[in-house]
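Only one structure is covered here, and it is reproduced in the block below.
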Amino acid sequence: MPSSEDVAYVDHPLLVPSFIERRLYQIRLAGAARDDHTLVCLPTGLGKTTVSLLVTAQRLHETGGKSLFLAPTKPLVQQHADFYREALDIPDEDIVVFTGDVRPDDRAELWEDAQIVIATPQVVENDLIGNRISLCNVTHLTFDECHRASGDYAYVYIAERYHADAENPLVTGMSASPGGDEEAILEVCENLGIVHVEVMTEEDADVADYTHDTDVEWERIDLPDEILEIRDALNEVITDRLEKLKQLGVARSTRPDISQKDLNRMRAELQRLMNADKSEGYKGMSTHAEVMKLRRAVELVETQSVESVRRYFERQRNAARSSGASKASQRLVAEPKVREAMRKAESFDGLHPKFRKTRILLAETLGIRDGERVIVFTESRDTAEALTEFLSQSFSVRRFVGQGDREGSDGMSQKEQQEALDKFRSGEFEVLVSTSVAEEGLDVPEVDLVLFFEPVPTAIRSIQRKGRTGRQADGRVVVLLAEDTRDEAYFWISRRREKTMEKELRSLKGAAADIEAELDHSQRDLSAFAGNGGEAAERDGNAAEHSGTSTGNEGVTDASSTDDGGPEAVAAAEATDGQSGLTDFGPTDEELARAEPGEGDESDTSNAAAESDDSSEDERDDTGTIAKAGSDDGVEIVVDQRELDSDIARTLSKRDDLTTRLETLAVGDYVLSDRVAVERKSVADFLDTLTGGDRSLFDQIADLTRHYARPLLIVEGRGLYEERNIHPGAIRGALSSVAVDFGVSVLFTESEDDTAEMLATIATREQTDRERTVSVHGGKSAKTLDEQQEYVVSAIADIGPVTARNLLEALGSVEAVMTANEDDLKEVPGVGAVTAERIREVVGSEYR
C-alpha cells in the first residue's frame, strides 16, 4: 500500500480537494462506467462507492441533471449520504435522503430541488407508481449491492422505468459478489439494462497494492453428549413424521437430514392433493409443517446454542396456547419425544462448545495478538443476544441486529444502529456481535478477526462477511463447524459456490478481451474520459450511434494502449498543481509503468452481457414511454397503497396512455372514475373472506356501494371451485349475493396482467369516452372548500364532478343548486330535462 507521503488525490470541480485518494483501479473502473451501463465488480472494502461517486461527479459536471443512488437498507442509505456530503463540493441540502421515514408529499417536494437523491428502492418504487417523481432528468443511477436485482425486487422495476423514461440514462451497478453462476450474473445485467461487466480482483496488480491476505480457517467442534441427546430425540420425531408422509406417497426417504429441495418437492405434491380436494393433502401439509419446525429446532441445537433452541421451544409453546393455533403447533408440543428434548434443553447448564471456542479466539486476537476489533456473525438473533451476554463477562461487547421487534427480542432503530457503529469505529468497545444486518455493504471498520459462528450456505453472504477484514492489514477469518452436523454441509456448499462465482467472473473477464479487439483504439484510451465539452459531445454521439448494435464501450480503460493521446493528456494534467484531475481521468506515467501488460483487457464488456441487453431493449420497446410525473393529460387510476403487494400497479404505471396515483383508500382497491371503484380479490383472497378473514367480503362490498354508483368486484385467478375444501354452492351463493343483493357487478380475470388490462379499459371508457373525472370517495374529506362543495353536489342523482362544477359556477352555491327549479337547472350547460328532473326529485322528495 502506498505510504502517506506518496498519496495523490483526484482533482475535480465538484470534489472536495485532497479528499478522494487517486487509485488507478478506481480511475479505470470509473472511466468505463462513465461511458456505458456498467456492472462494477470489486472486492468488499476497496471503494465501489468511490467509483460511483467519481462517475456521478463527472456526469453532473458534464451533463447536468440529477443523480439517484439506491441502496437496500436505511443504514446504507445514510452511510452513503454522509460520504457524498463529505466528498462533494456541493451544498449539503442538495444531497437528500429518501427513506420511509420521509413523508411522501415531502419527498415529492424535495425531489424537485435535489441534485443527488440517495434512497431505498422501495420508496422510489412507490413514488414512481404514485406519479410523485419522474426519472426524466436523472443522468446517473447507481444500484448498490446490485446482485439483488432479480425476481420482483424493486431494482428491476426501477431500472425498467429508468431506461424507458430518462432522456440521458446511465446505470452503474455495484457488487462484490454479483451472483453464484453465469446465469445469475447475466440476469442482473439484463434486469438493470447493463451492457458492460468490469471485473477487478485482488489478483490485479493495481488492486493488490491495497489488499492483504485473509486467512480462512475452520475450527471443528465436537458436540457433547447432552446436546446430541436433544438432537437425537428431535430426529426420532422427524423420522416418524416422514414415515407418515411416505405412506401418503410424497416422501421418498425417512432420513432426518432430508434436503430442503426434497421438502419443497413434497410440499408441491401436497398442494396438488389439496387442490384436488383430497383430505390426505390437508393432513399431509400439517405433518409437513411439523417436520419444518422440528428441523429448525435441530439446526439451532446443532449449530447455534442450547439457549437458542430453548427460546425456540418457548415460542412454540406460546403459539400452541394461542387462539387459532395450528394443529401442527399443538401436536408438536404434545409429542412425548419433543417434550423430552425440551426438558433436556431446560436442564442443560453447561457451556456450548462454540461459546467456549469463541471466547478463546477473542482472547487470542484481542489479548495475545494485541488486536483492537472483532466481529462475530451469527444467523440467530437469540444466539446473538446470548453471545453478547456471555462475552460481556470478559470483553466490551455490543450486539448489532435488525430493526424489527420479535417475541422476547427488541430490534435496533436506525439511530441505535448508527450509534453502535460509530462507537465501534472509535474504539469504545472491542467486539460487535451481529446478525446478517451488518453483512452487506455497511462501512464496518477494519477488524482483526471475522468469526463465523456457523458457516453460511451462500457464496454471496460468505464473501460479504469476509470483506470486513484484510483491508488495511492482514486479516483472519475463522469459521466454527460442529462435527457431523449441517454445519459441514453448509461450509462445503459455500466453498463450492464461491469457487463457481470466481470462475464465472474470470470467464466474464476473459470474454471482455474478445470485444476489445473489435473496438477502435481511439475509443479505448483512458484519456477519452476528458472533461472537454466538444470531445464529450462527440463521444456521447458515438455512444448513441452504437447503442443496441455494438458494445458501445467508448472510453474503455486499456492502460497499455497509449497511442491516441493518453500520455499527452496525462502530461498536461501533471503540469498543473501536481494532482491528476478527474476530468483527465487518465493514468499517470508512473501508473502506466506499473500496469502489467494486457491489464486493460480486464475492463471490457463480455459478449454475454452485451447480448443480455438486446432482449431487455426489446422488452422496453413493448412497454412504451412512461407518463411523466405531474401530467394532467390522459387517464388516471388511483391505487390503494396496499395493492403494491401485487404487480398490477407496476404494470399500469408502465403504460404511456395513463398515470397512476397512490393513496391509502378508505374504500376499494382502485378508483377508475367518480362513480367506478373496484374491489379486487384473488381467488385465495375471495375464499379467505368466506372462511373468517380479517374482514368479511360483504362488509367491503357494502362500503363500496355506499360511496360509488358503479362498484365492481374483480375475482382474479383460476380454479375458484378447486382451491380448497369449500362447497361450490357456498361460493355461488356468495357471488349471487354480491350481484343481486348489493347490485355489484362481478368480473373474472385470469391473472394480474389481465386485471391490469381490465382496469385500464374501464378507466379509459369512463374518463375518455364518457368524459368523467376521477374522484375518491369514502372517509376522506376534500382538501379545499371548493372540492367539498363539488363533492356534495356531484353526489346528487349521480351527476358527477364536471356537471357539479357547471352547476356551482352558474348558480353560485350549494344552497342555490338545491333550491333551483327545473327551468333554472336546464339553463346550466350539461343539464338536460331528465337530469334536472332527477335532481329535483332527489332534493325535493320526502324521505321514506
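Please note that chains go A, B, ... in the order of the C-alpha cells, that every chain numbers its residues from 1, and that ligands are numbered from 1 in the order shown.
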
Listing only residues of stretch 323-357 of chain A within 8 Å of stretch 285-291 of chain A, what is the closest atom pair and its distance in Å (to one decimal) for each, using only C-alpha atoms, sorted by chain and residue number ascending, as a tab-separated table?
```
residue	atom	partner	partner_atom	distance
A:Lys327	CA	A:Ser286	CA	7.0
A:Ala328	CA	A:Glu290	CA	5.4
A:Ser329	CA	A:Glu290	CA	7.2
A:Leu332	CA	A:Glu290	CA	6.5
```

Selected residues written out with all heavy atoms, as a PDB file, in the first residue's frame:
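File produced: out-v9.pdb:
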```pdb
ATOM      1  N   LYS A 327     -52.850 -26.979  14.156  1.00  0.00           N
ATOM      2  CA  LYS A 327     -52.761 -28.330  14.697  1.00  0.00           C
ATOM      3  C   LYS A 327     -51.311 -28.805  14.744  1.00  0.00           C
ATOM      4  O   LYS A 327     -50.934 -29.581  15.622  1.00  0.00           O
ATOM      5  CB  LYS A 327     -53.611 -29.279  13.853  1.00  0.00           C
ATOM      6  CG  LYS A 327     -55.105 -29.032  13.979  1.00  0.00           C
ATOM      7  CD  LYS A 327     -55.902 -30.027  13.144  1.00  0.00           C
ATOM      8  CE  LYS A 327     -57.397 -29.781  13.299  1.00  0.00           C
ATOM      9  NZ  LYS A 327     -58.205 -30.716  12.476  1.00  0.00           N
ATOM     10  N   ALA A 328     -50.504 -28.335  13.800  1.00  0.00           N
ATOM     11  CA  ALA A 328     -49.093 -28.720  13.780  1.00  0.00           C
ATOM     12  C   ALA A 328     -48.398 -28.262  15.056  1.00  0.00           C
ATOM     13  O   ALA A 328     -47.637 -29.016  15.674  1.00  0.00           O
ATOM     14  CB  ALA A 328     -48.414 -28.142  12.547  1.00  0.00           C
ATOM     15  N   SER A 329     -48.634 -27.014  15.474  1.00  0.00           N
ATOM     16  CA  SER A 329     -48.020 -26.496  16.699  1.00  0.00           C
ATOM     17  C   SER A 329     -48.510 -27.249  17.922  1.00  0.00           C
ATOM     18  O   SER A 329     -47.729 -27.578  18.826  1.00  0.00           O
ATOM     19  CB  SER A 329     -48.319 -25.004  16.848  1.00  0.00           C
ATOM     20  OG  SER A 329     -47.711 -24.262  15.825  1.00  0.00           O
ATOM     21  N   LEU A 332     -47.030 -30.716  18.014  1.00  0.00           N
ATOM     22  CA  LEU A 332     -45.586 -30.662  18.243  1.00  0.00           C
ATOM     23  C   LEU A 332     -45.264 -30.595  19.733  1.00  0.00           C
ATOM     24  O   LEU A 332     -44.443 -31.380  20.235  1.00  0.00           O
ATOM     25  CB  LEU A 332     -45.000 -29.437  17.525  1.00  0.00           C
ATOM     26  CG  LEU A 332     -43.483 -29.303  17.556  1.00  0.00           C
ATOM     27  CD1 LEU A 332     -42.824 -30.387  16.744  1.00  0.00           C
ATOM     28  CD2 LEU A 332     -43.068 -27.926  17.027  1.00  0.00           C
TER      29      LEU A 332
END
```

If you count only C-alpha atoms, which residues fall within 8 Å of A:Gln26, apart from same-chain ones fewer than 4 positions away, as a short mmCIF file (atom, residue, chain, number, x, y, z; two decimals) with N, CA, C and O atoms, in the first residue's frame?
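Generated file (selection_28.cif):
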```
data_model
loop_
_atom_site.label_atom_id
_atom_site.label_comp_id
_atom_site.auth_asym_id
_atom_site.auth_seq_id
_atom_site.Cartn_x
_atom_site.Cartn_y
_atom_site.Cartn_z
N ARG A 22 -6.29 9.01 -5.12
CA ARG A 22 -6.23 8.58 -6.52
C ARG A 22 -5.71 7.15 -6.59
O ARG A 22 -4.52 6.89 -6.35
N ALA A 30 -14.11 3.77 -13.12
CA ALA A 30 -14.96 4.94 -13.35
C ALA A 30 -14.92 5.35 -14.82
O ALA A 30 -15.93 5.80 -15.38
N GLY A 47 -13.70 0.21 -2.28
CA GLY A 47 -14.19 1.51 -2.74
C GLY A 47 -15.07 1.49 -3.96
O GLY A 47 -14.91 2.34 -4.85
N LYS A 48 -16.05 0.59 -4.02
CA LYS A 48 -17.02 0.63 -5.13
C LYS A 48 -17.80 1.94 -5.09
O LYS A 48 -18.10 2.53 -6.13
N THR A 50 -16.79 4.80 -4.14
CA THR A 50 -15.95 5.87 -4.68
C THR A 50 -16.02 5.87 -6.20
O THR A 50 -16.05 6.94 -6.83
N VAL A 51 -16.05 4.69 -6.82
CA VAL A 51 -16.17 4.62 -8.27
C VAL A 51 -17.46 5.30 -8.73
O VAL A 51 -17.46 6.12 -9.65
#
```

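Pairwise distance (atom CA of A:Phe348, atom CA of A:Leu223) equals 13.1 Å.
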
* **strand (DSSP E or B) call set, DSSP backbone run, stretch 210-284 of chain A, as a list in words** => Thr214, Asp215, Val216, Glu217, Trp218, Glu219, Arg220 and Ile221 of chain A

Selected residues written out with C-alpha atoms, as a PDB file, in the first residue's frame:
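As written to disk, selection-v3.pdb reads:
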```pdb
ATOM      1  CA  THR A 214      -7.128 -13.008   4.537  1.00  0.00           C
ATOM      2  CA  ASP A 215      -6.542 -16.438   6.031  1.00  0.00           C
ATOM      3  CA  VAL A 216      -9.659 -18.561   6.215  1.00  0.00           C
ATOM      4  CA  GLU A 217      -9.516 -21.177   8.944  1.00  0.00           C
ATOM      5  CA  TRP A 218     -12.126 -23.594  10.159  1.00  0.00           C
ATOM      6  CA  GLU A 219     -12.331 -24.875  13.666  1.00  0.00           C
ATOM      7  CA  ARG A 220     -14.030 -28.226  14.145  1.00  0.00           C
ATOM      8  CA  ILE A 221     -16.180 -28.510  17.247  1.00  0.00           C
TER       9      ILE A 221
END
```

* Near A:Tyr670, counting only C-alpha atoms, which residues have an atom at most 10 Å away, once you skip same-chain residues fewer than 4 positions from it, shown as a ChimeraX atom specification? -> /A:637-641,643,649,661-663,665,676-680,712,759,763,776
